[in-house]
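Source file entry_16.txt; content: compact mmCIF, C-alpha atoms.
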# COMPACT_ATOMS: atom_id res chain seq x y z
CA MET A 1 -22.88 -10.72 -22.02
CA SER A 2 -19.39 -10.96 -20.60
CA ALA A 3 -17.69 -9.87 -17.42
CA PRO A 4 -15.56 -6.73 -17.16
CA LEU A 5 -11.81 -7.10 -17.45
CA ILE A 6 -11.15 -5.65 -13.98
CA PRO A 7 -13.64 -7.04 -11.46
CA VAL A 8 -14.84 -4.95 -8.53
CA THR A 9 -14.02 -6.84 -5.38
CA SER A 10 -14.52 -6.20 -1.70
CA PHE A 11 -10.73 -6.08 -1.39
CA ALA A 12 -10.70 -2.85 -3.41
CA LYS A 13 -13.25 -1.35 -1.01
CA ASN A 14 -11.06 -2.26 1.96
CA GLU A 15 -8.10 -0.57 0.29
CA LEU A 16 -10.20 2.55 -0.28
CA GLN A 17 -11.31 2.63 3.35
CA ALA A 18 -7.76 2.17 4.53
CA SER A 19 -6.57 4.98 2.31
CA LEU A 20 -9.36 7.26 3.55
CA SER A 21 -8.41 6.57 7.14
CA GLU A 22 -4.76 7.15 6.29
CA MET A 23 -5.65 10.48 4.68
CA ALA A 24 -7.64 11.50 7.77
CA PHE A 25 -4.68 10.54 9.97
CA ARG A 26 -2.30 12.59 7.82
CA ASP A 27 -4.67 15.56 7.96
CA ARG A 28 -4.87 15.40 11.75
CA THR A 29 -1.10 15.03 11.97
CA GLU A 30 -0.53 18.07 9.75
CA ARG A 31 -2.93 20.15 11.85
CA LEU A 32 -1.17 19.13 15.05
CA LYS A 33 2.23 19.93 13.57
CA SER A 34 1.05 23.38 12.48
CA LEU A 35 -0.40 23.97 15.96
CA ASP A 36 2.90 22.93 17.54
CA ALA A 37 4.80 25.26 15.22
CA GLU A 38 2.45 28.12 16.07
CA LEU A 39 2.80 27.51 19.82
CA ALA A 40 6.60 27.33 19.47
CA ALA A 41 6.55 30.68 17.64
CA ILE A 42 4.47 32.23 20.42
CA ASN A 43 6.86 30.85 23.03
CA ARG A 44 9.82 32.36 21.16
CA GLY A 45 8.15 35.77 21.44
CA ALA A 46 6.96 36.12 17.85
CA PRO A 47 4.52 38.97 17.29
CA ALA A 48 0.84 38.09 17.47
CA ARG A 49 -0.83 37.46 14.18
CA PRO A 50 -3.69 39.67 13.12
CA GLN A 51 -7.09 38.15 13.68
CA ALA A 52 -9.88 38.44 11.18
CA ALA A 53 -13.28 39.15 12.73
CA LEU A 54 -16.18 37.40 11.07
CA THR A 55 -19.86 37.95 11.53
CA PRO A 56 -21.85 34.76 11.04
CA SER A 57 -25.48 34.71 10.04
CA GLY A 58 -26.52 35.17 13.71
CA GLY A 59 -24.80 38.58 13.85
CA TYR A 60 -22.37 37.80 16.69
CA PRO A 61 -18.73 38.52 15.84
CA GLN A 62 -16.35 35.59 16.01
CA THR A 63 -12.59 35.46 15.72
CA LEU A 64 -10.97 33.26 13.11
CA LEU A 65 -7.27 32.52 13.23
CA LEU A 66 -5.80 32.04 9.80
CA PRO A 67 -2.67 29.88 9.69
CA ASP A 68 0.47 31.52 8.31
CA ILE A 69 1.95 28.18 7.33
CA ALA A 70 1.61 27.55 3.63
CA PRO A 71 0.21 24.13 2.77
CA ALA A 72 2.78 21.61 1.69
CA PRO A 73 2.92 21.19 -2.09
CA VAL A 74 1.33 18.02 -3.34
CA GLN A 75 3.73 15.86 -5.26
CA ALA A 76 2.45 13.25 -7.64
CA LYS A 77 3.93 9.81 -7.11
CA LYS A 78 4.89 7.73 -10.06
CA ILE A 79 2.76 4.67 -10.43
CA GLU A 80 4.82 1.57 -9.98
CA PRO A 81 4.58 -0.85 -12.86
CA GLN A 82 1.94 -3.39 -12.14
CA LYS A 83 3.30 -6.76 -11.26
CA LEU A 84 2.69 -9.52 -13.69
CA HIS A 85 0.81 -12.60 -12.65
CA PRO A 86 3.12 -15.51 -11.75
CA LYS A 87 1.74 -17.59 -14.64
CA VAL A 88 2.58 -14.79 -17.09
CA ARG A 89 6.13 -14.01 -15.90
CA PRO A 90 7.80 -16.85 -17.87
CA LEU A 91 6.06 -15.68 -21.06
CA ALA A 92 6.74 -11.96 -20.55
CA THR A 93 10.07 -12.07 -22.35
CA THR A 94 8.49 -13.42 -25.53
CA LEU A 95 5.49 -11.06 -25.50
CA SER A 96 5.29 -7.33 -26.05
CA ALA A 97 4.86 -5.23 -22.90
CA ASP A 98 1.20 -4.44 -23.66
CA ALA A 99 0.39 -8.07 -24.44
CA ALA A 100 2.06 -9.25 -21.22
CA MET A 101 0.08 -6.73 -19.16
CA LEU A 102 -3.15 -7.69 -20.92
CA LEU A 103 -2.55 -11.40 -20.38
CA SER A 104 -1.79 -10.73 -16.72
CA LEU A 105 -5.07 -8.80 -16.35
CA VAL A 106 -7.00 -11.57 -18.10
CA VAL A 107 -5.53 -14.26 -15.86
CA LYS A 108 -6.22 -12.18 -12.73
CA ALA A 109 -9.81 -11.55 -13.85
CA ASP A 110 -10.30 -15.24 -14.64
CA GLU A 111 -9.08 -16.14 -11.14
CA ALA A 112 -11.38 -13.53 -9.61
CA TYR A 113 -14.37 -14.97 -11.48
CA LYS A 114 -13.10 -18.52 -10.81
CA GLY A 115 -13.33 -19.34 -14.50
CA ALA A 116 -17.11 -18.94 -14.55
CA GLN A 117 -17.24 -15.81 -16.72
CA LEU A 118 -16.06 -14.92 -20.17
CA ILE A 119 -13.92 -11.78 -20.13
CA ASP A 120 -14.77 -8.75 -22.26
CA LEU A 121 -11.74 -7.62 -24.25
CA ALA A 122 -13.29 -4.93 -26.43
CA ALA A 123 -10.75 -2.42 -27.70
CA LEU A 124 -12.11 0.39 -25.51
CA THR A 125 -12.03 -1.83 -22.40
CA VAL A 126 -8.45 -2.86 -23.03
CA LYS A 127 -7.49 0.72 -23.88
CA SER A 128 -8.78 2.03 -20.55
CA ALA A 129 -7.38 -0.89 -18.53
CA LEU A 130 -3.86 -0.60 -19.97
CA GLY A 131 -3.79 3.12 -20.65
CA VAL A 132 -2.69 2.70 -24.26
CA SER A 133 -4.13 3.68 -27.63
CA GLU A 134 -6.83 1.60 -29.30
CA GLN A 135 -4.41 0.41 -31.95
CA ASN A 136 -1.98 -0.88 -29.33
CA ALA A 137 -4.87 -2.50 -27.43
CA VAL A 138 -6.07 -4.33 -30.54
CA ALA A 139 -2.48 -5.33 -31.39
CA ALA A 140 -1.95 -6.77 -27.89
CA ARG A 141 -5.22 -8.74 -28.04
CA THR A 142 -4.40 -10.00 -31.55
CA GLU A 143 -0.94 -11.10 -30.44
CA LEU A 144 -2.40 -13.11 -27.57
CA GLU A 145 -5.04 -14.68 -29.84
CA ARG A 146 -2.47 -15.56 -32.49
CA ARG A 147 -0.29 -17.33 -29.92
CA GLY A 148 -3.29 -19.17 -28.49
CA LEU A 149 -2.94 -17.66 -25.01
CA ILE A 150 -6.53 -16.39 -25.03
CA VAL A 151 -9.46 -18.00 -26.81
CA PHE A 152 -12.70 -16.36 -27.97
CA ARG A 153 -15.89 -18.21 -27.01
CA ASP A 154 -19.44 -17.61 -28.21
CA ASN A 155 -22.10 -20.08 -27.12
CA GLY A 156 -24.83 -18.50 -29.25
CA SER A 157 -26.96 -17.28 -26.36
CA GLY A 158 -25.38 -13.85 -26.11
CA TYR A 159 -22.53 -14.84 -23.83
CA ARG A 160 -19.29 -14.17 -25.62
CA GLY A 161 -15.82 -13.22 -24.52
CA PHE A 162 -12.33 -14.52 -23.94
CA LEU A 163 -10.80 -17.19 -21.72
CA PRO A 164 -7.10 -17.54 -20.89
CA ARG A 165 -5.36 -20.74 -21.96
CA LEU A 166 -2.21 -21.11 -19.90
How does the structure come out when it is put into C-alpha cells?
Amino acid sequence: MSAPLIPVTSFAKNELQASLSEMAFRDRTERLKSLDAELAAINRGAPARPQAALTPSGGYPQTLLLPDIAPAPVQAKKIEPQKLHPKVRPLATTLSADAAMLLSLVVKADEAYKGAQLIDLAALTVKSALGVSEQNAVAARTELERRGLIVFRDNGSGYRGFLPRL
C-alpha cells in the first residue's frame, strides 16, 4: 500500500476557502455594479423596464425585476506551467519535460509525507497527475528509474512504491 502522488493537505483546503470567498466577493461586486448601472440609467431618464409579475405558491402576486445587463462572458485562463521543485531545476535541462514534472511531483510528495511513505507511480496515477498519455507517463517513469532518480521499494509486506534519490 503506497501513498498517492499528490497528497491532500490542509493548505489545499485553505486555498479552496479563499477562492470561494473571492468568488462570493466578485459576485457581490458584480451585483452592485449592475445596480449602479441601473440607477444611473434611471437618473438619465431611461424608460422604465417592464416588470414580470409572478405568483408564488401562496397566490400573492410579486414583482420581479429582470436585469437587462447580459452576464459577462467567462473566459478560461491558461494554466501557468507548474514550477519545478528547486532540487529538480538543475536536472530539468537533461530530462524530458514529462520526466522533470514527474520528478518534481515525486519530490514534493516525498516532502509532504516527510519521507515516511512510498509513492505510488502507477501509469494511471502519473497520467492523471501530469495530464499526458499512458505511454508518455510510463516513458517518464522509466527515464527516471533508468537514471536512478527514483527507486522502487518493496518490503514484502504489501508496501511498495517509489522513493526519490536526489
Next on the checklist: If I take CA of Gly45 in chain A and CA of Arg26 in chain A, how far is one from the other in Å, to one decimal?
Outcome noted: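 The value is 28.8 Å.
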Checklist entry - So which one's closest to Arg141 in chain A, A:Ala99, A:Thr125, A:Val106, A:Lys114? Using only C-alpha atoms, please. => result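 Comparing A:Ala99, A:Thr125, A:Val106, A:Lys114 against Arg141 in chain A, the winner is A:Ala99.
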Checklist entry - Which value, in Å to one decimal, gives the distance between CA of Gly161 in chain A and CA of Asp120 in chain A? => result 5.1 Å
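From CA of Gln117 in chain A back to CA of Ala3 in chain A, the distance works out to 6.0 Å.
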Since the input lacks atoms, please generate N, CA, C and O atoms for range 141-158 of chain A and provide them as a tab-separated table (two decimals), keeping the file's coordinate frame.
chain	number	residue	atom	x	y	z
A	141	ARG	N	-4.22	-7.66	-28.05
A	141	ARG	CA	-5.22	-8.74	-28.04
A	141	ARG	C	-4.98	-9.70	-29.20
A	141	ARG	O	-5.05	-10.92	-29.05
A	142	THR	N	-4.66	-9.17	-30.37
A	142	THR	CA	-4.40	-10.00	-31.55
A	142	THR	C	-3.18	-10.89	-31.33
A	142	THR	O	-3.18	-12.07	-31.71
A	143	GLU	N	-2.14	-10.32	-30.72
A	143	GLU	CA	-0.94	-11.10	-30.44
A	143	GLU	C	-1.25	-12.28	-29.51
A	143	GLU	O	-0.79	-13.40	-29.74
A	144	LEU	N	-2.05	-12.03	-28.49
A	144	LEU	CA	-2.40	-13.11	-27.57
A	144	LEU	C	-3.28	-14.16	-28.24
A	144	LEU	O	-3.11	-15.36	-27.99
A	145	GLU	N	-4.19	-13.73	-29.11
A	145	GLU	CA	-5.04	-14.68	-29.84
A	145	GLU	C	-4.21	-15.52	-30.80
A	145	GLU	O	-4.40	-16.72	-30.91
A	146	ARG	N	-3.30	-14.87	-31.50
A	146	ARG	CA	-2.47	-15.56	-32.49
A	146	ARG	C	-1.61	-16.63	-31.83
A	146	ARG	O	-1.42	-17.70	-32.37
A	147	ARG	N	-1.12	-16.36	-30.63
A	147	ARG	CA	-0.29	-17.33	-29.92
A	147	ARG	C	-1.11	-18.38	-29.17
A	147	ARG	O	-0.55	-19.30	-28.59
A	148	GLY	N	-2.42	-18.20	-29.14
A	148	GLY	CA	-3.29	-19.17	-28.49
A	148	GLY	C	-3.34	-19.03	-26.97
A	148	GLY	O	-3.73	-19.96	-26.27
A	149	LEU	N	-2.94	-17.87	-26.45
A	149	LEU	CA	-2.94	-17.66	-25.01
A	149	LEU	C	-4.31	-17.23	-24.48
A	149	LEU	O	-4.60	-17.39	-23.30
A	150	ILE	N	-5.13	-16.67	-25.37
A	150	ILE	CA	-6.53	-16.39	-25.03
A	150	ILE	C	-7.39	-16.93	-26.17
A	150	ILE	O	-6.96	-16.97	-27.32
A	151	VAL	N	-8.58	-17.39	-25.83
A	151	VAL	CA	-9.46	-18.00	-26.81
A	151	VAL	C	-10.82	-17.32	-26.74
A	151	VAL	O	-11.36	-17.13	-25.65
A	152	PHE	N	-11.38	-16.97	-27.91
A	152	PHE	CA	-12.70	-16.36	-27.97
A	152	PHE	C	-13.76	-17.45	-27.93
A	152	PHE	O	-13.66	-18.46	-28.61
A	153	ARG	N	-14.78	-17.26	-27.11
A	153	ARG	CA	-15.89	-18.21	-27.01
A	153	ARG	C	-17.20	-17.47	-27.25
A	153	ARG	O	-17.41	-16.38	-26.77
A	154	ASP	N	-18.09	-18.12	-27.98
A	154	ASP	CA	-19.44	-17.61	-28.21
A	154	ASP	C	-20.36	-18.82	-28.22
A	154	ASP	O	-20.30	-19.65	-29.11
A	155	ASN	N	-21.23	-18.91	-27.21
A	155	ASN	CA	-22.10	-20.08	-27.12
A	155	ASN	C	-23.44	-19.86	-27.83
A	155	ASN	O	-24.31	-20.70	-27.73
A	156	GLY	N	-23.61	-18.73	-28.48
A	156	GLY	CA	-24.83	-18.50	-29.25
A	156	GLY	C	-25.98	-17.93	-28.46
A	156	GLY	O	-27.00	-17.56	-29.03
A	157	SER	N	-25.86	-17.83	-27.16
A	157	SER	CA	-26.96	-17.28	-26.36
A	157	SER	C	-26.66	-15.87	-25.87
A	157	SER	O	-27.31	-15.38	-24.96
A	158	GLY	N	-25.71	-15.22	-26.49
A	158	GLY	CA	-25.38	-13.85	-26.11
A	158	GLY	C	-24.18	-13.74	-25.20
A	158	GLY	O	-23.69	-12.66	-24.95
